[in-house]
Amino acid sequence: MNVSEYIAEFFVKKGIKDIFLIDGAACASMIVGVAKNKNLNYYCPHHEQAGAFAIDGYVKASGSPSVMIATSGPAGQNLINGIAASWYDSVPAIYLTGNINSRFMKPSNEIRQHGFQENDIVSMVSTVTKYAAVVMRAEHIEYELEKAYQLAVSGRPGPVLLDIPMDVQKMELGSGKLLTYNENYKMVPVKENLQGYAVKLKEMIKKSERPVFLLGGGITISKANNVVKKLIKDLKIPYFVTWNMIDFDAYNNPYFGGKVGTYGGEGRNFGIQNCDLLIGLGTRISGRITGGMMDTFARGAKKVLIDIDQEDMKWQQIKADMNIVSNLSDFVPILNDVCSELELDYSDWVKKVLVWKEKYGVMCDEYYDSENVNPYVFMKILCEKMSEGDVLVHEAGGNAVITSQSFKGKKNQKVFSNHGNSSLGYALPAAVGAAIATKKPVLCITGDGGLNFNIQEFQTIKHYKLPVKVLIFNNYAYGITKSYRDTNFDSEYAGCDADHGLESPNFIDVAISYGLKTVKINNHKELELKLDEVINSKEAIVCDIDMNGFYDYLPKIGWKNPIEDMYPFLDRDEFRSNMIIPPLEGWEKPEL
């Protein structure tokens, strides 16, 4: 058995079934090793960045690690954006790159290049991986693979990369013993005395009149969804979600208060801002949640954060009154057990939170008056037509705002994007990965801007007959950028639309050229009928939705306002009536 064959067998033993790859001379031996192993399936995207996004989507949809193999030089460089996507979203993606023969590798960093397509990919990815190394000896392959795998999946998960020269890939593994890796690695040790922390938090809950949970992406990463649902149900405390958790449970959960943040969602952030105890689960509470006036976030509340990342705790932008470093799957059951005898009644507070959620939705009746398709109308109808268990992948930019603001979920749905890195071009290849992982139809929301970044993956969808339903929010512009330019640069739109240098092709014609089925939705009258055609299609379909001229994402805040005072501003008397805590000085005359 040579090194490449050993690599393939290693992944089989780890339960990995699907591997993504793009050929090249420097990785050919590893690819052949995968192809010869009958227990592995391989898939070939058409760009290394797309492959990296695909395995990110695969892992998010399945909860299981996946692998991407690429060649040296520019191929590894193309991976970096996808590696960063997995780094910021804590995704255990495994990357293998080939490199030139070890005897041609440059002996010193003072030399720019020795061999053809040689580069130091390990140094390039060092800040966006949990581990990256060059494997220079055959007998080190077990050690490096095991170490990389354990680091990827343990503690706070994340991507890893091994760079393996061509000659090392082909080396035979003799009868000698391989160097092994047995360390039980954990990125952050579990805090001692979790019981003691749970008792302290219980006392804070007992004293609280308006407690809330804020749910972050760490819940899904730590596979703690079910224990958190039980905690919420048992304590009967309302909860809010960040954008990474909009699929946490059904929209009609009796304790769900809405989404929070600078673009917010239903409820206009009144619930989170009026609380007196905020319990953050798996969230670092970033500026996208707090807005620019960070000190005003939940300013009347005691704050408790439970998260596995100790370094994040050291550098908090929002300082907590109590930090608990732990895997949520370890701590939440302890907290629930400690609080099991509590008999507290938060029903009036829950009712108030639900009133805000119902009264201040993101959908407005006037949106139906649009001559073409309003994206909020589209999302309302899409959510109504989606079924339990559906998978939806969406793009960055304006698509992320619309989807995250207005999504109304059903049970067991999976909805995700790449919020940490927020790269255009993510949604289509990530949907490819999700379709391969789940073996079921996947809805993909992208925009005319983002689709152009990885449009070549139409061919991957066609070749593997993947039932991906591509929904193009086509506003003929970089919409979120135009909105930003309106607020900050006097509506100078250079590089934002066709009148200022940026024009997209006819996506229907492009999709047809790839042999894909197409649908065009022009207005609200034909929306429901044609959307039914898309959802009910047994094959891949590309749906171009005319949203020309739309780029007004509301509600939103400017950096001069706390997040409870969103634009369009409420009547000042109405705004004041919703504030339990005192509003900030100057609330009478807000500025965007």
# chains A, B, ... in the order shown; residues from 1 in each chain; ligands from 1
>>> closest_atom_pairs(of="region 77-182 of chain A", to="region 269-286 of chain A", cutoff="12 Å", atoms="only C-alpha atoms", output="Markdown table")
| residue | atom | partner | partner_atom | distance |
| --- | --- | --- | --- | --- |
| A:Asp89 | CA | A:Thr283 | CA | 11.6 |
| A:Ser90 | CA | A:Gly282 | CA | 11.6 |
| A:Arg156 | CA | A:Gly282 | CA | 10.6 |
>>> residues_around(residues="Leu354 (chain A)", least_positions_apart="2", cutoff="9 Å", atoms="only C-alpha atoms", output="number ranges by chain")
A: 238, 254-258, 267, 271, 349-352, 356-359
>>> select_by_dssp(residues="region 221-343 of chain A", states="helix (DSSP H, G or I)", output="MDAnalysis selection string")
chainID A and resid 221 225:235 243:245 270:273 287:290 294:296 310:314 328:338
>>> write_last_selection(atoms="N, CA and C atoms", output="compact mmCIF listing (two decimals), in the first residue's frame")
# COMPACT_ATOMS: atom_id res chain seq x y z
N ILE A 221 -23.12 23.84 16.11
CA ILE A 221 -21.76 23.30 16.02
C ILE A 221 -21.52 22.27 17.13
N ASN A 225 -28.75 21.36 19.86
CA ASN A 225 -30.08 21.88 19.53
C ASN A 225 -31.16 21.30 20.42
N ASN A 226 -31.17 19.99 20.60
CA ASN A 226 -32.25 19.35 21.35
C ASN A 226 -32.21 19.70 22.84
N VAL A 227 -31.02 19.77 23.42
CA VAL A 227 -30.96 20.09 24.85
C VAL A 227 -31.33 21.55 25.09
N VAL A 228 -31.02 22.44 24.13
CA VAL A 228 -31.41 23.84 24.28
C VAL A 228 -32.93 23.98 24.13
N LYS A 229 -33.52 23.25 23.20
CA LYS A 229 -34.98 23.29 23.06
C LYS A 229 -35.66 22.84 24.35
N LYS A 230 -35.12 21.81 24.97
CA LYS A 230 -35.70 21.34 26.23
C LYS A 230 -35.55 22.38 27.33
N LEU A 231 -34.40 23.05 27.38
CA LEU A 231 -34.17 24.09 28.38
C LEU A 231 -35.19 25.22 28.23
N ILE A 232 -35.40 25.66 27.00
CA ILE A 232 -36.35 26.75 26.75
C ILE A 232 -37.77 26.32 27.13
N LYS A 233 -38.14 25.12 26.74
CA LYS A 233 -39.49 24.62 27.04
C LYS A 233 -39.71 24.49 28.54
N ASP A 234 -38.69 23.99 29.26
CA ASP A 234 -38.85 23.77 30.70
C ASP A 234 -38.86 25.08 31.48
N LEU A 235 -38.00 26.03 31.10
CA LEU A 235 -37.94 27.30 31.83
C LEU A 235 -38.96 28.32 31.35
N TRP A 243 -28.42 35.25 13.01
CA TRP A 243 -28.67 34.76 11.66
C TRP A 243 -28.21 33.32 11.47
N ASN A 244 -27.24 32.87 12.24
CA ASN A 244 -26.79 31.48 12.11
C ASN A 244 -27.77 30.47 12.69
N MET A 245 -28.82 30.96 13.34
CA MET A 245 -29.76 30.05 14.00
C MET A 245 -31.20 30.25 13.57
N PHE A 270 -37.01 45.01 20.19
CA PHE A 270 -37.52 45.51 21.47
C PHE A 270 -37.35 44.48 22.59
N GLY A 271 -37.54 43.21 22.29
CA GLY A 271 -37.45 42.18 23.32
C GLY A 271 -36.05 42.07 23.90
N ILE A 272 -35.06 42.01 23.03
CA ILE A 272 -33.68 41.83 23.49
C ILE A 272 -33.20 43.07 24.24
N GLN A 273 -33.65 44.25 23.81
CA GLN A 273 -33.19 45.49 24.43
C GLN A 273 -33.87 45.78 25.76
N GLY A 287 -20.57 42.86 16.25
CA GLY A 287 -21.09 44.17 15.87
C GLY A 287 -22.28 44.11 14.95
N ARG A 288 -22.45 43.02 14.20
CA ARG A 288 -23.62 42.85 13.34
C ARG A 288 -24.88 42.66 14.16
N ILE A 289 -24.71 42.28 15.41
CA ILE A 289 -25.85 42.16 16.32
C ILE A 289 -26.06 43.44 17.10
N THR A 290 -24.99 44.04 17.57
CA THR A 290 -25.10 45.17 18.49
C THR A 290 -25.27 46.51 17.79
N MET A 294 -22.14 49.85 20.72
CA MET A 294 -22.10 48.56 21.41
C MET A 294 -22.51 48.66 22.88
N ASP A 295 -22.16 49.75 23.51
CA ASP A 295 -22.46 49.89 24.93
C ASP A 295 -23.96 49.97 25.21
N THR A 296 -24.74 50.18 24.17
CA THR A 296 -26.19 50.30 24.36
C THR A 296 -26.90 48.97 24.20
N GLN A 310 -12.38 30.04 24.53
CA GLN A 310 -11.84 30.84 25.64
C GLN A 310 -11.22 32.15 25.14
N GLU A 311 -10.61 32.10 23.95
CA GLU A 311 -9.99 33.31 23.43
C GLU A 311 -11.03 34.38 23.13
N ASP A 312 -12.18 33.97 22.58
CA ASP A 312 -13.26 34.93 22.36
C ASP A 312 -13.69 35.57 23.67
N MET A 313 -13.69 34.79 24.72
CA MET A 313 -14.07 35.33 26.03
C MET A 313 -13.09 36.41 26.49
N LYS A 314 -11.81 36.24 26.14
CA LYS A 314 -10.80 37.21 26.57
C LYS A 314 -10.97 38.55 25.87
N LEU A 328 -21.59 23.50 24.95
CA LEU A 328 -23.00 23.64 25.34
C LEU A 328 -23.64 22.29 25.63
N SER A 329 -23.21 21.25 24.92
CA SER A 329 -23.77 19.92 25.17
C SER A 329 -23.43 19.42 26.57
N ASP A 330 -22.37 19.95 27.17
CA ASP A 330 -22.01 19.60 28.54
C ASP A 330 -22.78 20.45 29.56
N PHE A 331 -22.84 21.76 29.30
CA PHE A 331 -23.36 22.67 30.32
C PHE A 331 -24.89 22.74 30.36
N VAL A 332 -25.54 22.78 29.21
CA VAL A 332 -27.00 23.02 29.19
C VAL A 332 -27.77 21.94 29.96
N PRO A 333 -27.45 20.65 29.80
CA PRO A 333 -28.19 19.66 30.62
C PRO A 333 -28.00 19.86 32.12
N ILE A 334 -26.80 20.28 32.52
CA ILE A 334 -26.56 20.55 33.95
C ILE A 334 -27.42 21.72 34.41
N LEU A 335 -27.47 22.78 33.61
CA LEU A 335 -28.29 23.94 33.96
C LEU A 335 -29.76 23.54 34.06
N ASN A 336 -30.21 22.75 33.11
CA ASN A 336 -31.62 22.35 33.12
C ASN A 336 -31.95 21.52 34.36
N ASP A 337 -31.02 20.66 34.75
CA ASP A 337 -31.24 19.83 35.94
C ASP A 337 -31.25 20.69 37.20
N VAL A 338 -30.33 21.64 37.28
CA VAL A 338 -30.26 22.52 38.46
C VAL A 338 -31.54 23.36 38.58
>>> residues_around(residues="region 366-383 of chain A", least_positions_apart="4", cutoff="9 Å", atoms="only C-alpha atoms", output="list in words")
Val362, Ser387, Asn399, Ile402, Thr403, Ser406, Phe407, Lys408, Gly409, Lys410, Phe473, Ile521, Asn522, Asn523, His524, Leu527, Glu528, Leu531, Ile545, Asp546, Met547, Asn548 and Phe550 of chain A
>>> residues_around(residues="region 118-133 of chain A", least_positions_apart="6", cutoff="7 Å", atoms="only C-alpha atoms", output="PDB file with N, CA, C and O atoms, in the first residue's frame")
ATOM      1  N   SER A  72      -1.090  21.703  -6.657  1.00  0.00           N
ATOM      2  CA  SER A  72      -0.202  22.722  -6.081  1.00  0.00           C
ATOM      3  C   SER A  72      -0.439  24.098  -6.690  1.00  0.00           C
ATOM      4  O   SER A  72      -1.241  24.280  -7.604  1.00  0.00           O
ATOM      5  N   GLY A  73       0.298  25.080  -6.186  1.00  0.00           N
ATOM      6  CA  GLY A  73       0.313  26.421  -6.766  1.00  0.00           C
ATOM      7  C   GLY A  73      -1.038  27.088  -6.776  1.00  0.00           C
ATOM      8  O   GLY A  73      -1.690  27.236  -5.735  1.00  0.00           O
ATOM      9  N   GLY A  76      -4.165  25.420  -4.879  1.00  0.00           N
ATOM     10  CA  GLY A  76      -4.251  25.639  -3.442  1.00  0.00           C
ATOM     11  C   GLY A  76      -4.627  27.066  -3.094  1.00  0.00           C
ATOM     12  O   GLY A  76      -5.393  27.313  -2.160  1.00  0.00           O
ATOM     13  N   ILE A  80      -8.330  29.107  -0.798  1.00  0.00           N
ATOM     14  CA  ILE A  80      -8.204  29.872   0.449  1.00  0.00           C
ATOM     15  C   ILE A  80      -9.505  30.551   0.856  1.00  0.00           C
ATOM     16  O   ILE A  80      -9.861  30.574   2.045  1.00  0.00           O
ATOM     17  N   ILE A  83     -11.572  27.941   2.475  1.00  0.00           N
ATOM     18  CA  ILE A  83     -11.000  27.570   3.773  1.00  0.00           C
ATOM     19  C   ILE A  83     -11.360  28.622   4.820  1.00  0.00           C
ATOM     20  O   ILE A  83     -11.741  28.297   5.945  1.00  0.00           O
ATOM     21  N   ALA A  84     -11.260  29.890   4.439  1.00  0.00           N
ATOM     22  CA  ALA A  84     -11.626  30.972   5.363  1.00  0.00           C
ATOM     23  C   ALA A  84     -13.099  30.899   5.732  1.00  0.00           C
ATOM     24  O   ALA A  84     -13.478  31.161   6.880  1.00  0.00           O
ATOM     25  N   TRP A  87     -13.340  28.365   8.339  1.00  0.00           N
ATOM     26  CA  TRP A  87     -12.675  28.840   9.563  1.00  0.00           C
ATOM     27  C   TRP A  87     -13.609  29.729  10.378  1.00  0.00           C
ATOM     28  O   TRP A  87     -13.806  29.512  11.577  1.00  0.00           O
ATOM     29  N   ASN A  99       1.968  18.813  -3.766  1.00  0.00           N
ATOM     30  CA  ASN A  99       3.043  19.760  -4.032  1.00  0.00           C
ATOM     31  C   ASN A  99       4.066  19.087  -4.942  1.00  0.00           C
ATOM     32  O   ASN A  99       3.980  17.888  -5.205  1.00  0.00           O
ATOM     33  N   ILE A 100       4.984  19.867  -5.436  1.00  0.00           N
ATOM     34  CA  ILE A 100       6.007  19.329  -6.326  1.00  0.00           C
ATOM     35  C   ILE A 100       6.864  18.302  -5.594  1.00  0.00           C
ATOM     36  O   ILE A 100       6.790  18.178  -4.371  1.00  0.00           O
ATOM     37  N   ALA A 148      -4.540  15.955  12.191  1.00  0.00           N
ATOM     38  CA  ALA A 148      -5.377  16.919  11.460  1.00  0.00           C
ATOM     39  C   ALA A 148      -6.859  16.625  11.677  1.00  0.00           C
ATOM     40  O   ALA A 148      -7.659  17.540  11.937  1.00  0.00           O
ATOM     41  N   LEU A 151      -7.986  17.489  15.310  1.00  0.00           N
ATOM     42  CA  LEU A 151      -8.052  18.935  15.499  1.00  0.00           C
ATOM     43  C   LEU A 151      -9.254  19.525  14.779  1.00  0.00           C
ATOM     44  O   LEU A 151      -9.896  20.457  15.278  1.00  0.00           O
ATOM     45  N   ALA A 152      -9.569  19.000  13.612  1.00  0.00           N
ATOM     46  CA  ALA A 152     -10.700  19.528  12.841  1.00  0.00           C
ATOM     47  C   ALA A 152     -12.023  19.356  13.570  1.00  0.00           C
ATOM     48  O   ALA A 152     -12.861  20.263  13.578  1.00  0.00           O
ATOM     49  N   GLY A 158     -12.961  23.306  12.997  1.00  0.00           N
ATOM     50  CA  GLY A 158     -12.443  24.199  11.973  1.00  0.00           C
ATOM     51  C   GLY A 158     -11.671  23.433  10.925  1.00  0.00           C
ATOM     52  O   GLY A 158     -11.415  22.230  11.052  1.00  0.00           O
ATOM     53  N   PRO A 159     -11.261  24.109   9.844  1.00  0.00           N
ATOM     54  CA  PRO A 159     -10.574  23.443   8.744  1.00  0.00           C
ATOM     55  C   PRO A 159      -9.117  23.131   9.055  1.00  0.00           C
ATOM     56  O   PRO A 159      -8.488  23.789   9.884  1.00  0.00           O
ATOM     57  N   VAL A 160      -8.601  22.133   8.361  1.00  0.00           N
ATOM     58  CA  VAL A 160      -7.192  21.755   8.448  1.00  0.00           C
ATOM     59  C   VAL A 160      -6.688  21.496   7.031  1.00  0.00           C
ATOM     60  O   VAL A 160      -7.474  21.233   6.117  1.00  0.00           O
ATOM     61  N   LEU A 161      -5.359  21.558   6.862  1.00  0.00           N
ATOM     62  CA  LEU A 161      -4.775  21.304   5.537  1.00  0.00           C
ATOM     63  C   LEU A 161      -3.461  20.561   5.685  1.00  0.00           C
ATOM     64  O   LEU A 161      -2.626  20.920   6.515  1.00  0.00           O
ATOM     65  N   LEU A 162      -3.304  19.530   4.859  1.00  0.00           N
ATOM     66  CA  LEU A 162      -2.033  18.829   4.738  1.00  0.00           C
ATOM     67  C   LEU A 162      -1.538  18.974   3.310  1.00  0.00           C
ATOM     68  O   LEU A 162      -2.285  18.742   2.352  1.00  0.00           O
ATOM     69  N   ASP A 163      -0.286  19.359   3.175  1.00  0.00           N
ATOM     70  CA  ASP A 163       0.358  19.530   1.869  1.00  0.00           C
ATOM     71  C   ASP A 163       1.327  18.365   1.688  1.00  0.00           C
ATOM     72  O   ASP A 163       2.230  18.162   2.520  1.00  0.00           O
TER      73      ASP A 163
END
>>> select_by_dssp(residues="region 370-446 of chain A", states="strand (DSSP E or B)", output="number ranges by chain")
A: 391-394, 414-416, 442-446
>>> write_last_selection(atoms="C-alpha atoms", output="PDB file, in the first residue's frame")
ATOM      1  CA  VAL A 391     -32.763  22.499   2.973  1.00  0.00           C
ATOM      2  CA  LEU A 392     -32.147  26.117   1.921  1.00  0.00           C
ATOM      3  CA  VAL A 393     -28.736  27.627   1.161  1.00  0.00           C
ATOM      4  CA  HIS A 394     -28.481  31.363   0.584  1.00  0.00           C
ATOM      5  CA  LYS A 414     -31.804  23.381   7.482  1.00  0.00           C
ATOM      6  CA  VAL A 415     -31.022  26.957   6.441  1.00  0.00           C
ATOM      7  CA  PHE A 416     -27.499  28.312   6.170  1.00  0.00           C
ATOM      8  CA  VAL A 442     -31.909  21.799  -2.093  1.00  0.00           C
ATOM      9  CA  LEU A 443     -33.201  25.333  -2.543  1.00  0.00           C
ATOM     10  CA  CYS A 444     -30.479  27.851  -3.395  1.00  0.00           C
ATOM     11  CA  ILE A 445     -31.088  31.593  -3.096  1.00  0.00           C
ATOM     12  CA  THR A 446     -28.456  33.621  -4.887  1.00  0.00           C
TER      13      THR A 446
END
>>> closest_residue(among="A:Leu21, A:Leu194, A:Ile31, A:Val199", to="Cys339 (chain A)", atoms="only C-alpha atoms")
A:Val199
>>> closest_residue(among="A:Gln49, A:Gln117, A:Gln317, A:Asn506", to="Ala85 (chain A)", atoms="only C-alpha atoms")
A:Gln49
>>> closest_residue(among="A:Phe116, A:Tyr88, A:Tyr251, A:Phe213", to="Gln413 (chain A)", atoms="only C-alpha atoms")
A:Tyr251
>>> closest_residue(among="A:Val534, A:Val32, A:Ala224, A:Leu466", to="Thr518 (chain A)", atoms="only C-alpha atoms")
A:Val534
>>> closest_residue(among="A:Asp365, A:Asp247, A:Asp565, A:Glu209", to="Lys411 (chain A)", atoms="only C-alpha atoms")
A:Asp247
>>> residues_around(residues="Phe453 (chain A)", least_positions_apart="2", cutoff="10 Å", atoms="only C-alpha atoms", output="list of chain:residue names")
A:Gln49, A:Ala50, A:Ser423, A:Leu424, A:Gly425, A:Tyr426, A:Leu428, A:Asp448, A:Gly449, A:Gly450, A:Leu451, A:Ile455, A:Gln456, A:Glu457
>>> write_last_selection(atoms="N, CA, C and O atoms", output="PDB file, in the first residue's frame")
ATOM      1  N   GLN A  49     -12.187  27.021  -5.631  1.00  0.00           N
ATOM      2  CA  GLN A  49     -12.973  27.781  -4.660  1.00  0.00           C
ATOM      3  C   GLN A  49     -14.354  27.167  -4.498  1.00  0.00           C
ATOM      4  O   GLN A  49     -14.867  27.025  -3.386  1.00  0.00           O
ATOM      5  N   ALA A  50     -14.957  26.775  -5.616  1.00  0.00           N
ATOM      6  CA  ALA A  50     -16.275  26.147  -5.558  1.00  0.00           C
ATOM      7  C   ALA A  50     -16.211  24.827  -4.796  1.00  0.00           C
ATOM      8  O   ALA A  50     -17.127  24.495  -4.031  1.00  0.00           O
ATOM      9  N   SER A 423     -18.887  35.586   1.741  1.00  0.00           N
ATOM     10  CA  SER A 423     -18.324  35.705   0.404  1.00  0.00           C
ATOM     11  C   SER A 423     -19.394  35.522  -0.667  1.00  0.00           C
ATOM     12  O   SER A 423     -20.181  34.575  -0.619  1.00  0.00           O
ATOM     13  N   LEU A 424     -19.408  36.417  -1.642  1.00  0.00           N
ATOM     14  CA  LEU A 424     -20.227  36.177  -2.820  1.00  0.00           C
ATOM     15  C   LEU A 424     -19.690  34.943  -3.550  1.00  0.00           C
ATOM     16  O   LEU A 424     -18.497  34.652  -3.528  1.00  0.00           O
ATOM     17  N   GLY A 425     -20.580  34.232  -4.212  1.00  0.00           N
ATOM     18  CA  GLY A 425     -20.211  33.016  -4.906  1.00  0.00           C
ATOM     19  C   GLY A 425     -20.330  31.771  -4.062  1.00  0.00           C
ATOM     20  O   GLY A 425     -20.034  30.669  -4.526  1.00  0.00           O
ATOM     21  N   TYR A 426     -20.784  31.918  -2.820  1.00  0.00           N
ATOM     22  CA  TYR A 426     -20.866  30.784  -1.902  1.00  0.00           C
ATOM     23  C   TYR A 426     -22.059  29.875  -2.177  1.00  0.00           C
ATOM     24  O   TYR A 426     -21.938  28.641  -2.156  1.00  0.00           O
ATOM     25  N   LEU A 428     -24.220  28.744  -4.590  1.00  0.00           N
ATOM     26  CA  LEU A 428     -24.399  27.695  -5.589  1.00  0.00           C
ATOM     27  C   LEU A 428     -23.530  26.472  -5.289  1.00  0.00           C
ATOM     28  O   LEU A 428     -24.048  25.352  -5.210  1.00  0.00           O
ATOM     29  N   ASP A 448     -27.895  38.041  -8.705  1.00  0.00           N
ATOM     30  CA  ASP A 448     -27.201  38.193  -9.978  1.00  0.00           C
ATOM     31  C   ASP A 448     -25.722  38.477  -9.749  1.00  0.00           C
ATOM     32  O   ASP A 448     -24.866  38.051 -10.538  1.00  0.00           O
ATOM     33  N   GLY A 449     -25.392  39.158  -8.661  1.00  0.00           N
ATOM     34  CA  GLY A 449     -23.990  39.422  -8.363  1.00  0.00           C
ATOM     35  C   GLY A 449     -23.255  38.172  -7.933  1.00  0.00           C
ATOM     36  O   GLY A 449     -22.233  37.791  -8.504  1.00  0.00           O
ATOM     37  N   GLY A 450     -23.769  37.465  -6.945  1.00  0.00           N
ATOM     38  CA  GLY A 450     -23.102  36.287  -6.410  1.00  0.00           C
ATOM     39  C   GLY A 450     -23.040  35.128  -7.382  1.00  0.00           C
ATOM     40  O   GLY A 450     -22.056  34.386  -7.416  1.00  0.00           O
ATOM     41  N   LEU A 451     -24.081  34.943  -8.192  1.00  0.00           N
ATOM     42  CA  LEU A 451     -24.109  33.812  -9.112  1.00  0.00           C
ATOM     43  C   LEU A 451     -22.957  33.867 -10.102  1.00  0.00           C
ATOM     44  O   LEU A 451     -22.376  32.836 -10.466  1.00  0.00           O
ATOM     45  N   ILE A 455     -20.667  30.542 -11.477  1.00  0.00           N
ATOM     46  CA  ILE A 455     -21.739  30.074 -12.349  1.00  0.00           C
ATOM     47  C   ILE A 455     -21.381  28.772 -13.062  1.00  0.00           C
ATOM     48  O   ILE A 455     -22.252  28.024 -13.512  1.00  0.00           O
ATOM     49  N   GLN A 456     -20.079  28.474 -13.162  1.00  0.00           N
ATOM     50  CA  GLN A 456     -19.646  27.244 -13.819  1.00  0.00           C
ATOM     51  C   GLN A 456     -20.160  25.994 -13.111  1.00  0.00           C
ATOM     52  O   GLN A 456     -20.194  24.909 -13.706  1.00  0.00           O
ATOM     53  N   GLU A 457     -20.612  26.125 -11.866  1.00  0.00           N
ATOM     54  CA  GLU A 457     -21.109  24.955 -11.150  1.00  0.00           C
ATOM     55  C   GLU A 457     -22.478  24.510 -11.634  1.00  0.00           C
ATOM     56  O   GLU A 457     -22.985  23.464 -11.200  1.00  0.00           O
TER      57      GLU A 457
END
>>> residues_around(residues="Val34 (chain A)", least_positions_apart="2", cutoff="10 Å", atoms="only C-alpha atoms", output="list of chain:residue names")
A:Ser4, A:Glu5, A:Tyr6, A:Ile7, A:Ala8, A:Glu9, A:Phe11, A:Val12, A:Asp18, A:Ile19, A:Leu21, A:Ala28, A:Ser29, A:Met30, A:Ile31, A:Val32, A:Lys36, A:Asn37, A:Lys38, A:Asn39, A:Leu40, A:Asn41, A:Tyr42, A:Ile69
>>> atom_distance(atom1="CA of Pro45 (chain A)", atom2="CA of Thr460 (chain A)")
5.8 Å
>>> closest_residue(among="A:Asn578, A:Ala431, A:Gly515, A:Ser208", to="Ala54 (chain A)", atoms="only C-alpha atoms")
A:Ala431
>>> atom_distance(atom1="CA of Ser404 (chain A)", atom2="CA of Gly433 (chain A)")
21.0 Å
>>> atom_distance(atom1="CA of His47 (chain A)", atom2="CA of Thr438 (chain A)")
21.9 Å
>>> decode(residues="region 257-270 of chain A", atoms="C-alpha atoms", output="PDB file, in the first residue's frame")
ATOM      1  CA  GLY A 257     -39.301  36.281  19.923  1.00  0.00           C
ATOM      2  CA  GLY A 258     -37.639  36.846  16.541  1.00  0.00           C
ATOM      3  CA  LYS A 259     -34.226  37.653  15.091  1.00  0.00           C
ATOM      4  CA  VAL A 260     -31.917  40.348  16.363  1.00  0.00           C
ATOM      5  CA  GLY A 261     -29.291  42.636  14.912  1.00  0.00           C
ATOM      6  CA  THR A 262     -28.599  45.664  12.766  1.00  0.00           C
ATOM      7  CA  TYR A 263     -31.105  44.510  10.157  1.00  0.00           C
ATOM      8  CA  GLY A 264     -33.116  42.786  12.828  1.00  0.00           C
ATOM      9  CA  GLY A 265     -36.326  41.144  11.847  1.00  0.00           C
ATOM     10  CA  GLU A 266     -39.718  40.824  13.440  1.00  0.00           C
ATOM     11  CA  GLY A 267     -40.016  42.635  16.776  1.00  0.00           C
ATOM     12  CA  ARG A 268     -37.576  45.451  15.922  1.00  0.00           C
ATOM     13  CA  ASN A 269     -35.200  44.269  18.707  1.00  0.00           C
ATOM     14  CA  PHE A 270     -37.522  45.509  21.468  1.00  0.00           C
TER      15      PHE A 270
END
